[in-house]
Amino acid sequence: KGRRKRRSKSFSSPTRRHVRKGLAIAGVFILAFALKYNLMKFARKRIITIERGVPSVREVVAPKATRSLTRAEAEAPEGMVFVREGEFMMGSPSSEEDGDSDEGPVHKVYVDTFYIDKYEVTVEQYHKFIGSTGHREPKNWLEQLLNPEWPVAYVSWNDAVAYANWAGKRLPTEAEWEKAARGGLVGKRYPWGNVWEWVADWYDEDYYKKSPYKNPRGPNRGLHRVLRGGSWFLLAYNVRVTKRSNYEPTIRYYLIGFRCAQDAPRLGQIAYE
């Protein structure tokens with residue numbers, strides 16, 4: 001009498017502790033099993049991936065469209081490279097010391113996928129074109145034939161278009177040319193610079209001020225066609241990636257050649273297997 005009653009600990013409290021402890025242990029085992037199962041599942045996926053010959057884990061986890069681009073790149077026509085679609089900054093800023101007024105303003109451009117020749121059209125390739133079509137020979141042709149792997153020179157814009165049509169290709173647009181020359185590097189300053197290269201566009205000094213965002217193709221008319229890339233004969237200023245030049249489409253000059261481009265399948269047109 002007078003003593004405070006103590007709560008019984010004979011059965012209920014130890015049982016609850018044991019149950020909680022048991023549940024905790026069981027939870028640890030379940031978690032460990034789940035982790036092991038997932039790791040084994042991932043490992044099996046990697047083994048299957050390797051056995052099926054897929055070249056990289058990155059390709060497996062990438063969206064289908066990205067994987068399709070890899071296939072399109074692998075199937076590029078002989079002597080051409082695949083250029084992915086996307087945006088780039090075209091032109092040179094006004095702050096660039098040796099930039100010209102027709103290189104600005106810097107503007108964002110989107111270009112669809114395309115193929116472009118890895119090298120400029122060679123004397124040997126142009127010789128085959130002449131033999132097949134009877135097209136007129138360039139100036140100094142016999143001398144040029146002494147170096148069949150050199151870029152063909154003394155070709156007009158009209159000559160270049162004729163060759164491209166014969167080869168089932170076309171001239172690149174000015175935007176395609178600069179995107180390919182930059183190689184995906186922002187602010188790249190120098191491309192290749194062997195001979196000047198004809199592109200498809202008519203020349204307009206102020207075109208960049210009104211150029212469309214997507215797949216610009218130059219003005220509808222003009223007097224001169226655009227040349228890009230500079231040449232071996234010129235100073236560094238003239239072989240910058242943004243440098244623009246222009247000539248009448250009939251001119252044939254010893255510093256002028258070209259390379260070709262070709263349409264590539266768009267994302268929705270590529271079936272991936």
# chains A, B, ... in the order shown; residues from 1 in each chain; ligands from 1
call {"tool": "select_by_dssp", "arguments": {"residues": "stretch 49-253 of chain A", "states": "alpha helix (DSSP H)", "output": "MDAnalysis selection string"}}
result
chainID A and resid 49:51 57:61 64:74 123:133 141:144 157:166 174:182
call {"tool": "select_by_dssp", "arguments": {"residues": "stretch 105-144 of chain A", "states": "strand (DSSP E or B)", "output": "short mmCIF file (atom, residue, chain, number, x, y, z; two decimals) with all heavy atoms, in the first residue's frame"}}
result
data_model
loop_
_atom_site.label_atom_id
_atom_site.label_comp_id
_atom_site.auth_asym_id
_atom_site.auth_seq_id
_atom_site.Cartn_x
_atom_site.Cartn_y
_atom_site.Cartn_z
N HIS A 107 25.57 35.84 -85.44
CA HIS A 107 24.16 35.45 -85.32
C HIS A 107 24.06 33.94 -85.19
O HIS A 107 24.90 33.19 -85.71
CB HIS A 107 23.36 35.95 -86.52
CG HIS A 107 23.90 35.52 -87.85
ND1 HIS A 107 25.11 35.97 -88.35
CD2 HIS A 107 23.41 34.67 -88.78
CE1 HIS A 107 25.33 35.42 -89.52
NE2 HIS A 107 24.33 34.62 -89.81
N LYS A 108 23.01 33.50 -84.52
CA LYS A 108 22.79 32.07 -84.29
C LYS A 108 22.11 31.47 -85.52
O LYS A 108 21.13 31.99 -86.02
CB LYS A 108 21.94 31.85 -83.05
CG LYS A 108 21.76 30.38 -82.67
CD LYS A 108 20.89 30.23 -81.43
CE LYS A 108 21.58 30.79 -80.21
NZ LYS A 108 20.79 30.53 -78.97
N VAL A 109 22.66 30.35 -85.98
CA VAL A 109 22.15 29.67 -87.17
C VAL A 109 21.94 28.20 -86.86
O VAL A 109 22.76 27.58 -86.17
CB VAL A 109 23.14 29.83 -88.35
CG1 VAL A 109 22.73 28.94 -89.52
CG2 VAL A 109 23.20 31.28 -88.80
N TYR A 110 20.85 27.66 -87.35
CA TYR A 110 20.57 26.21 -87.25
C TYR A 110 20.69 25.61 -88.64
O TYR A 110 20.11 26.11 -89.60
CB TYR A 110 19.18 25.97 -86.68
CG TYR A 110 18.80 24.50 -86.60
CD1 TYR A 110 18.99 23.79 -85.42
CD2 TYR A 110 18.27 23.83 -87.70
CE1 TYR A 110 18.65 22.45 -85.33
CE2 TYR A 110 17.93 22.48 -87.62
CZ TYR A 110 18.13 21.80 -86.44
OH TYR A 110 17.80 20.47 -86.36
N VAL A 111 21.43 24.50 -88.74
CA VAL A 111 21.62 23.82 -90.02
C VAL A 111 21.23 22.35 -89.85
O VAL A 111 21.61 21.70 -88.87
CB VAL A 111 23.08 23.93 -90.49
CG1 VAL A 111 23.29 23.16 -91.78
CG2 VAL A 111 23.46 25.39 -90.69
N PHE A 114 23.92 17.11 -92.89
CA PHE A 114 24.40 17.06 -94.27
C PHE A 114 25.74 16.34 -94.32
O PHE A 114 26.39 16.12 -93.29
CB PHE A 114 24.52 18.47 -94.88
CG PHE A 114 25.56 19.35 -94.23
CD1 PHE A 114 26.82 19.50 -94.78
CD2 PHE A 114 25.27 20.05 -93.05
CE1 PHE A 114 27.78 20.32 -94.19
CE2 PHE A 114 26.22 20.87 -92.46
CZ PHE A 114 27.47 21.01 -93.02
N TYR A 115 26.12 15.94 -95.52
CA TYR A 115 27.44 15.40 -95.76
C TYR A 115 28.27 16.46 -96.50
O TYR A 115 27.73 17.25 -97.27
CB TYR A 115 27.38 14.15 -96.65
CG TYR A 115 26.62 12.99 -96.07
CD1 TYR A 115 25.44 12.55 -96.66
CD2 TYR A 115 27.08 12.31 -94.94
CE1 TYR A 115 24.73 11.46 -96.14
CE2 TYR A 115 26.38 11.24 -94.41
CZ TYR A 115 25.21 10.82 -95.02
OH TYR A 115 24.51 9.75 -94.50
N ILE A 116 29.58 16.43 -96.27
CA ILE A 116 30.47 17.34 -96.99
C ILE A 116 31.76 16.61 -97.31
O ILE A 116 32.19 15.73 -96.55
CB ILE A 116 30.75 18.62 -96.18
CG1 ILE A 116 31.43 19.68 -97.05
CG2 ILE A 116 31.57 18.32 -94.93
CD1 ILE A 116 31.45 21.07 -96.44
N ASP A 117 32.34 16.93 -98.46
CA ASP A 117 33.60 16.29 -98.85
C ASP A 117 34.67 16.53 -97.79
O ASP A 117 34.83 17.64 -97.29
CB ASP A 117 34.10 16.85 -100.18
CG ASP A 117 33.32 16.33 -101.37
OD1 ASP A 117 32.60 15.33 -101.22
OD2 ASP A 117 33.44 16.93 -102.46
N THR A 122 39.80 17.01 -106.22
CA THR A 122 41.17 16.92 -106.72
C THR A 122 41.22 16.98 -108.24
O THR A 122 40.22 16.83 -108.93
CB THR A 122 41.82 15.60 -106.26
OG1 THR A 122 41.12 14.51 -106.88
CG2 THR A 122 41.77 15.45 -104.75
#
call {"tool": "closest_residue", "arguments": {"among": "A:Asn165, A:Asn238, A:Thr173, A:Asn220", "to": "A:Trp196", "atoms": "only C-alpha atoms"}}
result
A:Asn238
call {"tool": "closest_residue", "arguments": {"among": "A:Ala175, A:Pro93, A:His127, A:Glu75", "to": "A:Ser211", "atoms": "only C-alpha atoms"}}
result
A:Ala175
call {"tool": "atom_distance", "arguments": {"atom1": "atom CA of A:Asn158", "atom2": "atom CA of A:Ile256"}}
result
12.4 Å
call {"tool": "closest_residue", "arguments": {"among": "A:Ala74, A:Ala162, A:Leu255, A:Leu223", "to": "A:Asp204", "atoms": "only C-alpha atoms"}}
result
A:Leu223
call {"tool": "closest_residue", "arguments": {"among": "A:Pro216, A:Gly222, A:Gly168, A:Gly187", "to": "A:Cys260", "atoms": "only C-alpha atoms"}}
result
A:Gly168
call {"tool": "atom_distance", "arguments": {"atom1": "atom CA of A:Gly257", "atom2": "atom CA of A:Arg225"}}
result
13.1 Å
call {"tool": "residues_around", "arguments": {"residues": "A:Gly218", "least_positions_apart": "5", "cutoff": "12 Å", "atoms": "only C-alpha atoms", "output": "list in words"}}
result
Pro172, Thr173, Glu174, Ala175, Glu176, Val199, Ala200, Asp201, Trp202, Tyr203, Asp204, Glu205, Asp206, Tyr207, Tyr208, Lys209, Lys210, Ser211, Pro212, Tyr213, His224, Arg225 and Val226 of chain A
call {"tool": "residues_around", "arguments": {"residues": "A:Trp166", "least_positions_apart": "4", "cutoff": "10 Å", "atoms": "only C-alpha atoms", "output": "VMD selection string"}}
result
chain A and resid 129 132 to 133 160 to 162 170
call {"tool": "closest_residue", "arguments": {"among": "A:Pro249, A:Pro265, A:Gly184, A:Gly193", "to": "A:Glu87", "atoms": "only C-alpha atoms"}}
result
A:Gly184
call {"tool": "residues_around", "arguments": {"residues": "A:Pro191", "least_positions_apart": "3", "cutoff": "9 Å", "atoms": "only C-alpha atoms", "output": "list in words"}}
result
Glu178, Ala180, Ala181, Arg182, Gly183, Lys188, Gly229, Gly230, Val239, Arg240 and Val241 of chain A
